[in-house]
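The next block holds one structure in the form of structure tokens; read it before the comments.
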Amino acid sequence: MHKDAGPVIYTRVLIVRMNAMKPILNKTRKGTIRPSDRGSPCPVGLGIILLCLAATLWAAPAPAAQVSSDTGEQVRTEIPYSDGDAIKKVVLISDTQGTIGENTWQAGGNVKVYFEDILITTDEVVINQETKEGYTVGKTHFSQGEQWLTCSKAQFNFGTQTGTFYDASGFTDKEFLITGRTIIKTGRDTYTVLEGSVTTCREENPKWQFTASRSEIRLDHTARLRHTLLKVKGFPVFYTPYTIIPLERKTRSSGFTTFSTGTSTSKGRVFSQGYYQTLGRSADMMIYGDYFSLRGLALGGILRTRPNQTTYLDIHTYGIRDSRDQGGVQLIVDGESRFKNGWRAVARVNITSSFEFRQVFADSFNQATKSQEYSTAFLTRNHESFSANIAFERNEVTFPGTSLITRKIPSLEFLSIGTPLGNSPFIFSFKSSIDGISRRDSQTETAGIVHRLDVYPRLTLRLPPLLGFSLTPSVGFRETYYGAQISEIPEEGIINLGLHRQYADLNIDMKMPSLVKNYNASWLGTFRHTIEPYTTFRWTDGIEDPRSIIRFDENDAVADTREIEYGFVNRFFTKKQDGAGTEEKHEFMSVALIQKYYFDPSFGRAFEPGHANTFYPLNTATGFYQTGIERNLSPISAIVRIWQQNRMHHDFRSDYDIELQRWRNISLSTEWDRNKFSLAATYFRTMQTEPELIPSNNLQASVGYGTPARGFASNLTIRYNFQTSQLLNSRTRLSYAWNCCGVSTEFRQYSLRGRIESQFSISFSLKGIGSFGTMQRQDYLF
């Protein structure tokens, strides 16, 4: 159809009623009303006069031409109009339709109006073909993509895709529901709401909503509200003159972060506020402040950058000038970048000006009590079994009243974990390094950087198993040069005099045949029991003066030894079905017993009776290996592990001193996670079997119910010191989450040497927006 042609009505039978005249049936091939049918020449005579009168009345203008269908089908009309060079059309479907004048169309009864991706359903509509404007009468529903609105009436313009909706409510995206006395659609994806509200709750009386006198909404961006009032179940709880709410597309935008407040018995009232700034598409930063009424102002900053898919860098700094002289500064850096040819650069930095500052102002118990701070920045490349590393390191371990700090500036390391020598059964491995290293503690301090050169090649022989026996011998030679050493005269301390350390070592690992027995009817059910014995012989010789060596790290804490380690592992297996219904072997328990015999209990004069000795190879069997008693037989170490099913396991470890006939230590860890119930606990106790050992008796436990995502959830975490009958830390959290919001409360308690404190926090989370409050992420036991 030509663009200037009139609207076309598709129907089977058209009945046209003009005023009170009898309907005249006008059938056409396509059911189209043709202007040429509205008047015809009049013949002469009375009949002709009557016909002329009828024709005159026919041709007279009418208020409206009403069109309906006798068959019960709706009338469909296409109203074309030109938009530049393009021809667009509005499709009108309703029970009845008609024209008002030449360019105005009126439709009533189950009206549907289609235009591109817009659909309007209403009781009655009037559309002007020339101006592209229209309005609806009665309840109206408007939808466009993910947008939809329901209102009492509406005005619209198809050309500009704008409109005004009265007493309206609906969704501008998948999440946010808006209501307003008047909602003005100012563009395809922009709205202005007068005297309205925003929420993500679907109830008639929403659990929460923001009401505002005026709102500017841009889809997939933000909603900017003026004179905002936060209401909870209709009750006002918070007012702000201006609010920005992020909508569907969670893009970053600069602005002030949510204000929060809390209370602390040692810091007083806490007020927190920050400013977030985007730095292009790949970086952002935030500056924030915490004001403590009893301590002062603390300032912090966070910088994050992601310049490409293989690089990231996060920098976090925080500090305070405390009124009680417990202030300090902390710097945390986490970054990594991957390059071509397998090169990788990594930075992991954690530096605090003082342990006391970290203990007082840390957000979690683990951060407040961790005695070690390790920082490193290195460049590495791994290729097959070879690795090259260039590293800068700083390691600080805090002890009561003092600390030990070691630095590597820098360290160059080359190593191979094992390379077969052709088709032979030999495997060659090596480790070599060049270090510039320093150490400082309360007793010794190096004069600047000490050079250390270390070369350690090793050869391992792979022998085929024979009659169930597996034998693997390996031999190594190590030479280390130190640019300084500990003087034999205690008053001199560390002197700048070179020292060579040389030693050879031999390891022989032997695994013996396993003993297997199947139990088909027992109180444990059907299972398989295996016993796997093993033994390891170690020989190290050549370290002439171990007490002159400066201990920078584990590479220096090595002593001569001749020893044999022996033990056996009991394993218990049963059959279980996987998700596909296939039976597979499952190990549900293991019990291991380990002991060592030292042929030389003095370890080549490295052992110091009456001191807590710590060196290799004392640490190969157990984690609690410090001792000040020379002995041939080591304590017996027992390890029991139980795996009942997925997300449920237990671990028991203990050392028994057969010479003193006493238990040295006990540790028990367990973790349960069944449905809504969870339990994690660890208990460890070290006995003071020797004067040099430090006793401890501690319990850490966490029990929870529910999931924070929906419904009621609770969690209790405690850390208790039985040695001093002291509750070191506790955290109680209660929360309830609905479909569109949630509330959480938390109470924390600290009882540390430098921190006696109680904290109460509350958080209110809104779906699609975020959380308001001072609650931190919970720290975990494992």
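Each chain in the structure tokens gets a letter, A, B and so on, in the order shown; residues start at 1 in every chain, and ligands are counted from 1 in the order they appear.
Taking the backbone of this structure through DSSP, the residues of range 418-643 of chain A that come out as helix (DSSP H, G or I) are Pro490, Glu491, Glu492, Pro546, Arg547, Ser548, Leu618, Asn619 and Thr620 of chain A.
Nearest residue to Thr222 in chain A among A:Arg631, A:Gly768, A:Thr530, A:Thr160 is A:Gly768, counting only C-alpha atoms.
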* Filtered DSSP result for range 430-626 of chain A, state strand (DSSP E or B), as a PyMOL selection string -> chain A and resi 430-440+445+450-461+466+469-482+485-486+494-495+499-511+515-519+527-541+558+561-577+583-598+613+616
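For the pair CA of Ser375 in chain A and CA of Asp553 in chain A, the interatomic distance is 14.4 Å.
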* Looking at A:Leu299, A:Val75, A:Met286, A:Ala612, which one is nearest to Ile694 in chain A, with distances taken over only C-alpha atoms? -> A:Ala612
* Could you pull the residues within 12 Å of Lys340 in chain A, counting only C-alpha atoms, minus those fewer than 6 positions along the same chain, as a PyMOL selection string? -> chain A and resi 310+380-382
Residues of the last selection are to be written out with N, CA and C atoms, as an mmCIF file, in the first residue's frame.
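This is the output file selection_27.cif:
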```
data_model
loop_
_atom_site.group_PDB
_atom_site.id
_atom_site.type_symbol
_atom_site.label_atom_id
_atom_site.label_comp_id
_atom_site.auth_asym_id
_atom_site.auth_seq_id
_atom_site.Cartn_x
_atom_site.Cartn_y
_atom_site.Cartn_z
ATOM 1 N N THR A 310 45.520 -11.243 32.084
ATOM 2 C CA THR A 310 46.576 -12.003 32.757
ATOM 3 C C THR A 310 47.277 -11.198 33.849
ATOM 4 N N THR A 380 59.255 -15.807 38.030
ATOM 5 C CA THR A 380 59.513 -17.232 37.915
ATOM 6 C C THR A 380 59.141 -17.736 36.532
ATOM 7 N N ARG A 381 59.796 -18.811 36.148
ATOM 8 C CA ARG A 381 59.475 -19.512 34.901
ATOM 9 C C ARG A 381 59.654 -20.998 35.128
ATOM 10 N N ASN A 382 58.608 -21.750 34.841
ATOM 11 C CA ASN A 382 58.641 -23.197 34.961
ATOM 12 C C ASN A 382 58.540 -23.813 33.567
#
```
* Asked: Do you know which residues are at most 7 Å from Gln700 in chain A counting only C-alpha atoms, after dropping those on the same chain fewer than 3 positions away, and could you put them as a PyMOL selection string?
  -> chain A and resi 681-683+718-720
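Remark: for Ile100 in chain A, the closest of the candidate residues A:Gln129, A:Thr121, A:Thr136, A:Thr444 is A:Gln129 (distances computed over only C-alpha atoms).
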* **Selection: 7 Å around range 342-359 of chain A, only C-alpha atoms, excl. self and same-chain fewer than 2 positions, as an NGL selection string** => :A and (326-340 or 361-362 or 368-369 or 373-382 or 754-755)
* Which residue of A:Tyr616, A:Phe414, A:Tyr705, A:Phe165 approaches Asn675 in chain A most closely, using only C-alpha atoms -> A:Tyr705
* Structure fact -> Taken to one decimal, the CA of Ser169 in chain A-CA of Ile93 in chain A distance is 24.5 Å
* Pick from A:Gly704, A:Gly711, A:Gly196, A:Gly525, whichever lies nearest to Arg731 in chain A using only C-alpha atoms -> A:Gly704
